[in-house]
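Structure file target14.cif (mmCIF, C-alpha atoms; chains and numbers go by the auth columns) follows.
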data_target
#
loop_
_atom_site.group_PDB
_atom_site.id
_atom_site.type_symbol
_atom_site.label_atom_id
_atom_site.label_comp_id
_atom_site.label_asym_id
_atom_site.label_seq_id
_atom_site.Cartn_x
_atom_site.Cartn_y
_atom_site.Cartn_z
_atom_site.B_iso_or_equiv
_atom_site.auth_seq_id
_atom_site.auth_asym_id
ATOM 1 C CA MET A 1 0.000 0.000 0.000 0.00 1 A
ATOM 2 C CA LEU A 2 1.373 3.395 -1.001 0.00 2 A
ATOM 3 C CA LEU A 3 0.329 6.463 0.990 0.00 3 A
ATOM 4 C CA GLU A 4 0.118 9.924 -0.588 0.00 4 A
ATOM 5 C CA VAL A 5 -0.430 12.898 1.720 0.00 5 A
ATOM 6 C CA ILE A 6 -1.486 16.446 0.862 0.00 6 A
ATOM 7 C CA ALA A 7 0.946 19.143 1.965 0.00 7 A
ATOM 8 C CA THR A 8 0.266 22.879 1.899 0.00 8 A
ATOM 9 C CA THR A 9 3.419 24.055 3.720 0.00 9 A
ATOM 10 C CA VAL A 10 7.051 23.012 4.050 0.00 10 A
ATOM 11 C CA LYS A 11 6.301 21.845 7.595 0.00 11 A
ATOM 12 C CA ASP A 12 3.454 19.662 6.316 0.00 12 A
ATOM 13 C CA ALA A 13 5.796 18.025 3.837 0.00 13 A
ATOM 14 C CA LEU A 14 8.510 17.379 6.416 0.00 14 A
ATOM 15 C CA LEU A 15 6.047 15.952 8.940 0.00 15 A
ATOM 16 C CA ALA A 16 4.473 13.736 6.269 0.00 16 A
ATOM 17 C CA GLU A 17 7.838 12.362 5.210 0.00 17 A
ATOM 18 C CA GLN A 18 9.103 11.846 8.761 0.00 18 A
ATOM 19 C CA SER A 19 5.989 9.902 9.766 0.00 19 A
ATOM 20 C CA GLY A 20 6.050 7.542 6.773 0.00 20 A
ATOM 21 C CA ALA A 21 4.231 9.068 3.795 0.00 21 A
ATOM 22 C CA ASP A 22 5.454 7.684 0.474 0.00 22 A
ATOM 23 C CA ARG A 23 4.544 10.650 -1.718 0.00 23 A
ATOM 24 C CA ILE A 24 3.393 14.253 -1.334 0.00 24 A
ATOM 25 C CA GLU A 25 0.744 16.111 -3.278 0.00 25 A
ATOM 26 C CA LEU A 26 1.736 19.757 -2.920 0.00 26 A
ATOM 27 C CA ILE A 27 -1.075 22.302 -3.197 0.00 27 A
ATOM 28 C CA THR A 28 -2.337 25.610 -1.945 0.00 28 A
ATOM 29 C CA GLY A 29 -6.020 26.481 -1.498 0.00 29 A
ATOM 30 C CA ILE A 30 -6.944 23.258 0.276 0.00 30 A
ATOM 31 C CA LEU A 31 -10.456 24.565 1.001 0.00 31 A
ATOM 32 C CA GLU A 32 -10.941 25.042 -2.753 0.00 32 A
ATOM 33 C CA GLY A 33 -9.886 21.509 -3.610 0.00 33 A
ATOM 34 C CA GLY A 34 -6.292 22.442 -4.352 0.00 34 A
ATOM 35 C CA LEU A 35 -4.603 25.083 -6.506 0.00 35 A
ATOM 36 C CA THR A 36 -1.085 25.591 -7.863 0.00 36 A
ATOM 37 C CA PRO A 37 1.307 26.494 -5.030 0.00 37 A
ATOM 38 C CA SER A 38 3.841 29.312 -5.215 0.00 38 A
ATOM 39 C CA TYR A 39 7.179 28.701 -6.887 0.00 39 A
ATOM 40 C CA GLY A 40 8.955 29.415 -3.603 0.00 40 A
ATOM 41 C CA LEU A 41 6.938 26.756 -1.800 0.00 41 A
ATOM 42 C CA ILE A 42 7.542 24.211 -4.562 0.00 42 A
ATOM 43 C CA ASP A 43 11.289 24.856 -4.454 0.00 43 A
ATOM 44 C CA GLU A 44 11.541 24.602 -0.661 0.00 44 A
ATOM 45 C CA VAL A 45 9.505 21.393 -0.448 0.00 45 A
ATOM 46 C CA VAL A 46 11.286 19.685 -3.346 0.00 46 A
ATOM 47 C CA HIS A 47 14.715 20.469 -1.913 0.00 47 A
ATOM 48 C CA SER A 48 13.797 19.745 1.722 0.00 48 A
ATOM 49 C CA THR A 49 12.339 16.265 1.216 0.00 49 A
ATOM 50 C CA ASN A 50 13.460 12.957 -0.248 0.00 50 A
ATOM 51 C CA ILE A 51 10.120 11.475 -1.292 0.00 51 A
ATOM 52 C CA PRO A 52 8.356 12.221 -4.607 0.00 52 A
ATOM 53 C CA VAL A 53 6.502 15.539 -4.782 0.00 53 A
ATOM 54 C CA GLN A 54 3.543 15.869 -7.140 0.00 54 A
ATOM 55 C CA VAL A 55 2.643 19.534 -7.702 0.00 55 A
ATOM 56 C CA MET A 56 -0.913 20.629 -8.401 0.00 56 A
ATOM 57 C CA ILE A 57 -1.399 22.418 -11.730 0.00 57 A
ATOM 58 C CA ARG A 58 -4.760 24.151 -11.358 0.00 58 A
ATOM 59 C CA PRO A 59 -5.063 27.889 -12.055 0.00 59 A
ATOM 60 C CA HIS A 60 -8.483 28.457 -10.472 0.00 60 A
ATOM 61 C CA SER A 61 -11.297 26.678 -8.661 0.00 61 A
ATOM 62 C CA GLN A 62 -14.176 27.933 -10.811 0.00 62 A
ATOM 63 C CA SER A 63 -14.349 24.688 -12.804 0.00 63 A
ATOM 64 C CA PHE A 64 -12.164 22.143 -14.571 0.00 64 A
ATOM 65 C CA CYS A 65 -12.808 23.822 -17.922 0.00 65 A
ATOM 66 C CA TYR A 66 -9.938 25.963 -19.159 0.00 66 A
ATOM 67 C CA ASP A 67 -9.664 28.587 -21.889 0.00 67 A
ATOM 68 C CA GLN A 68 -6.522 29.546 -23.818 0.00 68 A
ATOM 69 C CA ARG A 69 -5.383 32.021 -21.169 0.00 69 A
ATOM 70 C CA ASP A 70 -5.780 29.388 -18.449 0.00 70 A
ATOM 71 C CA LEU A 71 -3.837 26.966 -20.607 0.00 71 A
ATOM 72 C CA GLY A 72 -1.028 29.476 -20.989 0.00 72 A
ATOM 73 C CA VAL A 73 -0.774 29.802 -17.217 0.00 73 A
ATOM 74 C CA MET A 74 -0.739 26.018 -16.750 0.00 74 A
ATOM 75 C CA LEU A 75 1.966 25.501 -19.365 0.00 75 A
ATOM 76 C CA LYS A 76 4.194 28.096 -17.688 0.00 76 A
ATOM 77 C CA ASP A 77 3.570 26.485 -14.300 0.00 77 A
ATOM 78 C CA ILE A 78 4.590 23.094 -15.667 0.00 78 A
ATOM 79 C CA GLN A 79 7.775 24.591 -17.116 0.00 79 A
ATOM 80 C CA THR A 80 8.643 26.013 -13.705 0.00 80 A
ATOM 81 C CA VAL A 81 7.912 22.740 -11.915 0.00 81 A
ATOM 82 C CA LYS A 82 10.294 20.974 -14.290 0.00 82 A
ATOM 83 C CA GLN A 83 12.999 23.602 -13.737 0.00 83 A
ATOM 84 C CA ILE A 84 12.695 23.268 -9.961 0.00 84 A
ATOM 85 C CA GLY A 85 13.015 19.491 -10.221 0.00 85 A
ATOM 86 C CA ALA A 86 9.760 18.153 -8.777 0.00 86 A
ATOM 87 C CA HIS A 87 8.939 14.517 -9.434 0.00 87 A
ATOM 88 C CA GLY A 88 5.611 15.196 -11.093 0.00 88 A
ATOM 89 C CA ILE A 89 2.386 17.125 -11.479 0.00 89 A
ATOM 90 C CA VAL A 90 -1.317 16.731 -10.769 0.00 90 A
ATOM 91 C CA LEU A 91 -3.725 17.973 -13.430 0.00 91 A
ATOM 92 C CA GLY A 92 -7.039 17.449 -15.175 0.00 92 A
ATOM 93 C CA ALA A 93 -9.240 19.132 -17.763 0.00 93 A
ATOM 94 C CA LEU A 94 -12.880 18.664 -18.761 0.00 94 A
ATOM 95 C CA THR A 95 -15.193 19.969 -21.449 0.00 95 A
ATOM 96 C CA SER A 96 -18.424 21.759 -20.583 0.00 96 A
ATOM 97 C CA ASP A 97 -20.354 18.528 -21.207 0.00 97 A
ATOM 98 C CA ARG A 98 -18.342 16.655 -18.547 0.00 98 A
ATOM 99 C CA ARG A 99 -15.961 14.750 -20.789 0.00 99 A
ATOM 100 C CA ILE A 100 -12.169 14.609 -20.841 0.00 100 A
ATOM 101 C CA ASP A 101 -10.823 17.662 -22.667 0.00 101 A
ATOM 102 C CA HIS A 102 -8.330 15.841 -24.859 0.00 102 A
ATOM 103 C CA GLU A 103 -7.086 18.900 -26.703 0.00 103 A
ATOM 104 C CA THR A 104 -6.091 20.645 -23.479 0.00 104 A
ATOM 105 C CA LEU A 105 -4.794 17.441 -21.924 0.00 105 A
ATOM 106 C CA ARG A 106 -2.511 16.707 -24.869 0.00 106 A
ATOM 107 C CA ARG A 107 -1.044 20.225 -24.733 0.00 107 A
ATOM 108 C CA LEU A 108 -0.347 19.862 -21.028 0.00 108 A
ATOM 109 C CA LEU A 109 1.185 16.419 -21.389 0.00 109 A
ATOM 110 C CA ASP A 110 3.436 17.570 -24.209 0.00 110 A
ATOM 111 C CA GLU A 111 4.843 20.210 -21.863 0.00 111 A
ATOM 112 C CA ALA A 112 5.068 17.699 -19.003 0.00 112 A
ATOM 113 C CA GLU A 113 7.325 15.238 -20.801 0.00 113 A
ATOM 114 C CA GLY A 114 9.573 13.535 -18.261 0.00 114 A
ATOM 115 C CA LEU A 115 7.280 14.193 -15.285 0.00 115 A
ATOM 116 C CA SER A 116 5.068 11.745 -13.430 0.00 116 A
ATOM 117 C CA VAL A 117 1.424 12.715 -14.010 0.00 117 A
ATOM 118 C CA THR A 118 -1.650 12.252 -11.827 0.00 118 A
ATOM 119 C CA PHE A 119 -5.072 13.003 -13.320 0.00 119 A
ATOM 120 C CA HIS A 120 -6.907 14.545 -10.371 0.00 120 A
ATOM 121 C CA ARG A 121 -10.492 14.415 -9.126 0.00 121 A
ATOM 122 C CA ALA A 122 -11.871 16.228 -12.129 0.00 122 A
ATOM 123 C CA PHE A 123 -12.272 12.563 -13.046 0.00 123 A
ATOM 124 C CA ASP A 124 -15.116 12.270 -10.515 0.00 124 A
ATOM 125 C CA GLU A 125 -17.140 14.879 -12.406 0.00 125 A
ATOM 126 C CA VAL A 126 -17.180 13.096 -15.775 0.00 126 A
ATOM 127 C CA SER A 127 -20.477 11.737 -17.049 0.00 127 A
ATOM 128 C CA ASN A 128 -19.143 8.180 -17.435 0.00 128 A
ATOM 129 C CA LEU A 129 -16.282 6.966 -15.230 0.00 129 A
ATOM 130 C CA GLU A 130 -15.516 3.780 -17.129 0.00 130 A
ATOM 131 C CA LYS A 131 -15.425 5.521 -20.503 0.00 131 A
ATOM 132 C CA ALA A 132 -13.209 8.274 -19.095 0.00 132 A
ATOM 133 C CA LEU A 133 -10.807 5.701 -17.676 0.00 133 A
ATOM 134 C CA GLU A 134 -10.621 3.933 -21.028 0.00 134 A
ATOM 135 C CA GLU A 135 -9.644 7.241 -22.601 0.00 135 A
ATOM 136 C CA LEU A 136 -7.023 8.037 -19.956 0.00 136 A
ATOM 137 C CA LEU A 137 -5.478 4.598 -20.396 0.00 137 A
ATOM 138 C CA THR A 138 -4.453 5.650 -23.903 0.00 138 A
ATOM 139 C CA TYR A 139 -2.035 8.212 -22.435 0.00 139 A
ATOM 140 C CA SER A 140 1.219 6.518 -21.469 0.00 140 A
ATOM 141 C CA GLN A 141 2.298 9.623 -19.519 0.00 141 A
ATOM 142 C CA ILE A 142 -0.546 9.382 -17.004 0.00 142 A
ATOM 143 C CA ASP A 143 0.614 7.216 -14.103 0.00 143 A
ATOM 144 C CA ARG A 144 -2.451 7.376 -11.883 0.00 144 A
ATOM 145 C CA VAL A 145 -5.980 8.692 -11.473 0.00 145 A
ATOM 146 C CA LEU A 146 -7.039 10.210 -8.160 0.00 146 A
ATOM 147 C CA THR A 147 -10.683 9.342 -7.610 0.00 147 A
ATOM 148 C CA SER A 148 -13.395 8.781 -5.033 0.00 148 A
ATOM 149 C CA GLY A 149 -15.297 6.580 -7.448 0.00 149 A
ATOM 150 C CA GLY A 150 -17.572 9.398 -8.549 0.00 150 A
ATOM 151 C CA LYS A 151 -19.033 9.898 -5.077 0.00 151 A
ATOM 152 C CA PRO A 152 -18.150 12.354 -2.299 0.00 152 A
ATOM 153 C CA ASN A 153 -16.823 9.565 -0.072 0.00 153 A
ATOM 154 C CA VAL A 154 -14.742 6.581 -1.243 0.00 154 A
ATOM 155 C CA LEU A 155 -16.400 4.355 1.353 0.00 155 A
ATOM 156 C CA ASP A 156 -19.679 4.763 -0.548 0.00 156 A
ATOM 157 C CA ALA A 157 -18.066 3.913 -3.892 0.00 157 A
ATOM 158 C CA GLN A 158 -16.262 0.665 -3.188 0.00 158 A
ATOM 159 C CA GLU A 159 -17.913 -1.259 -6.019 0.00 159 A
ATOM 160 C CA GLU A 160 -17.186 1.537 -8.486 0.00 160 A
ATOM 161 C CA LEU A 161 -13.552 1.612 -7.369 0.00 161 A
ATOM 162 C CA ARG A 162 -13.280 -2.161 -7.613 0.00 162 A
ATOM 163 C CA GLN A 163 -14.410 -1.955 -11.232 0.00 163 A
ATOM 164 C CA LEU A 164 -11.938 0.832 -12.011 0.00 164 A
ATOM 165 C CA VAL A 165 -9.079 -1.098 -10.405 0.00 165 A
ATOM 166 C CA LYS A 166 -10.041 -4.206 -12.352 0.00 166 A
ATOM 167 C CA ARG A 167 -10.019 -2.307 -15.642 0.00 167 A
ATOM 168 C CA ALA A 168 -6.647 -0.680 -14.934 0.00 168 A
ATOM 169 C CA GLU A 169 -5.083 -3.960 -13.824 0.00 169 A
ATOM 170 C CA HIS A 170 -1.964 -4.915 -15.799 0.00 170 A
ATOM 171 C CA SER A 171 -1.816 -1.412 -17.294 0.00 171 A
ATOM 172 C CA HIS A 172 0.659 1.406 -16.637 0.00 172 A
ATOM 173 C CA LEU A 173 -1.958 3.312 -14.622 0.00 173 A
ATOM 174 C CA GLN A 174 -2.823 3.041 -10.921 0.00 174 A
ATOM 175 C CA ILE A 175 -6.077 3.981 -9.230 0.00 175 A
ATOM 176 C CA LEU A 176 -5.320 6.347 -6.331 0.00 176 A
ATOM 177 C CA ALA A 177 -8.277 6.404 -3.944 0.00 177 A
ATOM 178 C CA GLY A 178 -9.026 9.461 -1.856 0.00 178 A
ATOM 179 C CA SER A 179 -11.740 11.445 -0.058 0.00 179 A
ATOM 180 C CA GLY A 180 -13.382 10.274 3.132 0.00 180 A
ATOM 181 C CA LEU A 181 -11.238 7.237 3.860 0.00 181 A
ATOM 182 C CA THR A 182 -10.672 6.637 7.578 0.00 182 A
ATOM 183 C CA VAL A 183 -7.821 4.803 9.276 0.00 183 A
ATOM 184 C CA SER A 184 -10.076 2.123 10.756 0.00 184 A
ATOM 185 C CA ALA A 185 -11.708 1.420 7.382 0.00 185 A
ATOM 186 C CA ILE A 186 -8.440 0.870 5.507 0.00 186 A
ATOM 187 C CA PRO A 187 -8.132 -2.954 5.821 0.00 187 A
ATOM 188 C CA SER A 188 -11.638 -3.738 4.593 0.00 188 A
ATOM 189 C CA PHE A 189 -11.476 -0.999 1.965 0.00 189 A
ATOM 190 C CA LEU A 190 -8.259 -2.318 0.457 0.00 190 A
ATOM 191 C CA GLN A 191 -9.596 -5.857 0.446 0.00 191 A
ATOM 192 C CA SER A 192 -12.922 -4.960 -1.173 0.00 192 A
ATOM 193 C CA THR A 193 -11.535 -2.634 -3.846 0.00 193 A
ATOM 194 C CA GLY A 194 -8.048 -3.942 -4.649 0.00 194 A
ATOM 195 C CA VAL A 195 -6.702 -0.382 -4.433 0.00 195 A
ATOM 196 C CA LYS A 196 -2.933 -0.204 -3.873 0.00 196 A
ATOM 197 C CA GLU A 197 -2.506 3.557 -3.474 0.00 197 A
ATOM 198 C CA ILE A 198 -4.423 5.780 -1.039 0.00 198 A
ATOM 199 C CA HIS A 199 -4.577 9.554 -0.668 0.00 199 A
ATOM 200 C CA PHE A 200 -5.192 11.489 2.554 0.00 200 A
ATOM 201 C CA GLY A 201 -5.825 15.171 3.178 0.00 201 A
ATOM 202 C CA ARG A 202 -7.913 16.288 6.132 0.00 202 A
ATOM 203 C CA GLY A 203 -7.949 12.709 7.435 0.00 203 A
ATOM 204 C CA VAL A 204 -4.337 13.026 8.617 0.00 204 A
ATOM 205 C CA ARG A 205 -4.663 16.504 10.098 0.00 205 A
ATOM 206 C CA VAL A 206 -5.313 17.566 13.671 0.00 206 A
ATOM 207 C CA ASP A 207 -9.047 17.273 14.444 0.00 207 A
ATOM 208 C CA ASN A 208 -9.631 16.353 10.743 0.00 208 A
ATOM 209 C CA ASN A 209 -9.540 20.084 10.029 0.00 209 A
ATOM 210 C CA PRO A 210 -8.021 20.780 6.594 0.00 210 A
ATOM 211 C CA ILE A 211 -6.338 23.992 7.764 0.00 211 A
ATOM 212 C CA ASN A 212 -4.659 22.363 10.769 0.00 212 A
ATOM 213 C CA GLU A 213 -1.199 20.842 10.555 0.00 213 A
ATOM 214 C CA ILE A 214 -0.343 17.207 9.896 0.00 214 A
ATOM 215 C CA ASP A 215 -1.010 14.755 12.744 0.00 215 A
ATOM 216 C CA THR A 216 1.983 12.435 12.545 0.00 216 A
ATOM 217 C CA GLU A 217 0.368 9.753 14.703 0.00 217 A
ATOM 218 C CA LYS A 218 -2.438 9.335 12.168 0.00 218 A
ATOM 219 C CA ILE A 219 0.078 8.735 9.378 0.00 219 A
ATOM 220 C CA LYS A 220 1.948 6.236 11.542 0.00 220 A
ATOM 221 C CA ASP A 221 -1.337 4.420 12.237 0.00 221 A
ATOM 222 C CA ILE A 222 -2.073 4.233 8.496 0.00 222 A
ATOM 223 C CA LYS A 223 1.364 2.837 7.754 0.00 223 A
ATOM 224 C CA LYS A 224 0.743 -0.060 10.138 0.00 224 A
ATOM 225 C CA TYR A 225 -1.508 -1.500 7.436 0.00 225 A
ATOM 226 C CA ARG A 226 1.278 -1.530 4.874 0.00 226 A
#

Mind converting the file's structure to structure tokens?
Amino acid sequence: MLLEVIATTVKDALLAEQSGADRIELITGILEGGLTPSYGLIDEVVHSTNIPVQVMIRPHSQSFCYDQRDLGVMLKDIQTVKQIGAHGIVLGALTSDRRIDHETLRRLLDEAEGLSVTFHRAFDEVSNLEKALEELLTYSQIDRVLTSGGKPNVLDAQEELRQLVKRAEHSHLQILAGSGLTVSAIPSFLQSTGVKEIHFGRGVRVDNNPINEIDTEKIKDIKKYR
């Protein structure tokens, strides 16, 4: 089981690493679902930690639909992430009718050559999860899809996740499950879904408050199930 933890500060990242996280998703705007962090924060986290750092590429929280100006911002952000030396990026793009925006996605992936890529929870807003996964499987650059199975809480989408994991089996792409997972539910959740990578945000913070700092004991408890 691989554990990815959201970090919004350098301290978050250090605490996550020290307590056993395997990968960091670095964001700002946690209450908005995650936005692109500052270049200074990216640089400090990347050069202060030894585990992979995936940087959010999301210029605004209005939607997952992006125009040409948004795209320009995202491309420049990806260039900077590469220059800093982060392991990878987290991105996603949809059309107004809730489908994968392939034109935008291809432009972003072209710029992201050499980086690990996570397609984020824009995936949960598509009109057809299985069709969207089939389409994402055609992109060799996309290493994983972060998803709650199309529902607000992963614990309510275990059958959907099991089907997604089954379809991605033996492919280059992993299903990364996140949103609402609790420490006590991990064993049964992993068994019922077959998920091998899990993602925690507020669930590993003090009092489950997204703006509080990382609770290292919660991460240590999660890692006991490894």

**Request:** Go through A:Pro187, A:Gly72, A:Gly149, A:Gly203 one by one, measure the shortest atom-to-atom distance of each to Arg162 in chain A using all atoms listed in the file, and give the residue with the smallest value.
**Result:**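 For Arg162 in chain A, the nearest of the given residues is A:Gly149.
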
**Item:** Residue IDs satisfying the PyMOL selection byres ((chain A and resi 1) around 9), as a PyMOL selection string
**Value:** chain A and resi 2-3+190+195-198+223+225-226

**Item:** Contacts of range 139-142 of chain A within 9 Å, all atoms listed in the file, excl. fewer than 6 positions in-chain, as a list of chain:residue names
**Value:**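 Within the cut-off, the hits are A:Arg106, A:Leu109, A:Ala112, A:Glu113, A:Gly114, A:Leu115, A:Ser116, A:Val117, A:Thr118, A:Phe119, A:His172, A:Leu173.
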
**Request:** Let me know the residues the PyMOL selection byres ((chain A and resi 90) around 10) catches in the file above, as a PyMOL selection string.
**Result:** chain A and resi 25-27+34-36+53-58+78+88-89+91-92+116-121+142+144-146

Selection to disk with C-alpha atoms, as a PDB file, in the frame of the given file:
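The result, stored in out.pdb:
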ATOM      1  CA  GLU A  25       0.744  16.111  -3.278  1.00  0.00           C
ATOM      2  CA  LEU A  26       1.736  19.757  -2.920  1.00  0.00           C
ATOM      3  CA  ILE A  27      -1.075  22.302  -3.197  1.00  0.00           C
ATOM      4  CA  GLY A  34      -6.292  22.442  -4.352  1.00  0.00           C
ATOM      5  CA  LEU A  35      -4.603  25.083  -6.506  1.00  0.00           C
ATOM      6  CA  THR A  36      -1.085  25.591  -7.863  1.00  0.00           C
ATOM      7  CA  VAL A  53       6.502  15.539  -4.782  1.00  0.00           C
ATOM      8  CA  GLN A  54       3.543  15.869  -7.140  1.00  0.00           C
ATOM      9  CA  VAL A  55       2.643  19.534  -7.702  1.00  0.00           C
ATOM     10  CA  MET A  56      -0.913  20.629  -8.401  1.00  0.00           C
ATOM     11  CA  ILE A  57      -1.399  22.418 -11.730  1.00  0.00           C
ATOM     12  CA  ARG A  58      -4.760  24.151 -11.358  1.00  0.00           C
ATOM     13  CA  ILE A  78       4.590  23.094 -15.667  1.00  0.00           C
ATOM     14  CA  GLY A  88       5.611  15.196 -11.093  1.00  0.00           C
ATOM     15  CA  ILE A  89       2.386  17.125 -11.479  1.00  0.00           C
ATOM     16  CA  LEU A  91      -3.725  17.973 -13.430  1.00  0.00           C
ATOM     17  CA  GLY A  92      -7.039  17.449 -15.175  1.00  0.00           C
ATOM     18  CA  SER A 116       5.068  11.745 -13.430  1.00  0.00           C
ATOM     19  CA  VAL A 117       1.424  12.715 -14.010  1.00  0.00           C
ATOM     20  CA  THR A 118      -1.650  12.252 -11.827  1.00  0.00           C
ATOM     21  CA  PHE A 119      -5.072  13.003 -13.320  1.00  0.00           C
ATOM     22  CA  HIS A 120      -6.907  14.545 -10.371  1.00  0.00           C
ATOM     23  CA  ARG A 121     -10.492  14.415  -9.126  1.00  0.00           C
ATOM     24  CA  ILE A 142      -0.546   9.382 -17.004  1.00  0.00           C
ATOM     25  CA  ARG A 144      -2.451   7.376 -11.883  1.00  0.00           C
ATOM     26  CA  VAL A 145      -5.980   8.692 -11.473  1.00  0.00           C
ATOM     27  CA  LEU A 146      -7.039  10.210  -8.160  1.00  0.00           C
TER      28      LEU A 146
END

**Message:** Between CA of Asp70 in chain A and CA of Leu105 in chain A, what distance in Å does the model show, to one decimal?
**Reply:**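 We find that CA of Asp70 in chain A and CA of Leu105 in chain A lie 12.5 Å from each other.
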
**Asked** Could you write out as number ranges by chain the residues that the PyMOL selection byres ((chain A and resi 207-218) around 8) matches in the shown file?
**Response** A: 12, 15-16, 19, 30-31, 183, 201-206, 219-222

Selected residues, C-alpha atoms, written as a CSV table (one decimal), keeping the file's coordinate frame, please.
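Everything below was put into result_12.csv:
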chain,number,residue,atom,x,y,z
A,12,ASP,CA,3.5,19.7,6.3
A,15,LEU,CA,6.0,16.0,8.9
A,16,ALA,CA,4.5,13.7,6.3
A,19,SER,CA,6.0,9.9,9.8
A,30,ILE,CA,-6.9,23.3,0.3
A,31,LEU,CA,-10.5,24.6,1.0
A,183,VAL,CA,-7.8,4.8,9.3
A,201,GLY,CA,-5.8,15.2,3.2
A,202,ARG,CA,-7.9,16.3,6.1
A,203,GLY,CA,-7.9,12.7,7.4
A,204,VAL,CA,-4.3,13.0,8.6
A,205,ARG,CA,-4.7,16.5,10.1
A,206,VAL,CA,-5.3,17.6,13.7
A,219,ILE,CA,0.1,8.7,9.4
A,220,LYS,CA,1.9,6.2,11.5
A,221,ASP,CA,-1.3,4.4,12.2
A,222,ILE,CA,-2.1,4.2,8.5

**Item:** Leu129 in chain A surroundings by all atoms listed in the file, 10 Å radius, close-in-sequence under 6 positions cut, as a PyMOL selection string
**Value:** chain A and resi 99+123+135+147+149-150+160-161+163-164

**Asked** Between A:Ala157, A:Val81, A:Ile42, A:Leu94, which one has atoms that come closest to Ser63 in chain A, using only C-alpha atoms?
**Response**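 Going through A:Ala157, A:Val81, A:Ile42, A:Leu94 one by one, the smallest distance to Ser63 in chain A is for A:Leu94.
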
**Which residue of A:Thr138, A:Asn50, A:Ser38, A:Asn153 approaches Ala13 in chain A most closely, using only C-alpha atoms** = A:Asn50

**Message:** Using Å and a single decimal, report how far CA of Leu75 in chain A sits from CA of Phe200 in chain A.
**Reply:**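 A separation of 27.0 Å between them.
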
**Best match for closeness to Ser184 in chain A among A:Lys224, A:Lys131, A:His60, A:Lys166, counting only C-alpha atoms** =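 The shortest atom-to-atom distance to Ser184 in chain A comes from A:Lys224.
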
**Prompt:** Separation of CA of Asp124 in chain A and CA of Ala168 in chain A, in Å?
**Reply:**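 CA of Asp124 in chain A sits 16.1 Å away from CA of Ala168 in chain A.
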
**Message:** So that I can check the surroundings of Ile84 in chain A, please list as a PyMOL selection string every protein, DNA and RNA residue that reaches within 9 Å of it, counting all atoms listed in the file and ignoring chain neighbours fewer than 3 positions away.
**Reply:** chain A and resi 39+42-43+46-47+79-81

Mind giving me the axis-aligned box for range 106-109 of chain A with 6 Å on every side, centre plus edges in Å to one decimal, as AutoDock Vina command-line options?
--center_x -0.7 --center_y 18.3 --center_z -22.9 --size_x 15.7 --size_y 15.8 --size_z 15.8

**Prompt:** So which one's closest to His87 in chain A, A:Leu137, A:Glu44, A:Arg23, A:Leu71? Using all atoms listed in the file, please.
**Reply:**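 Of the candidates, the smallest distance to His87 in chain A is held by A:Arg23.
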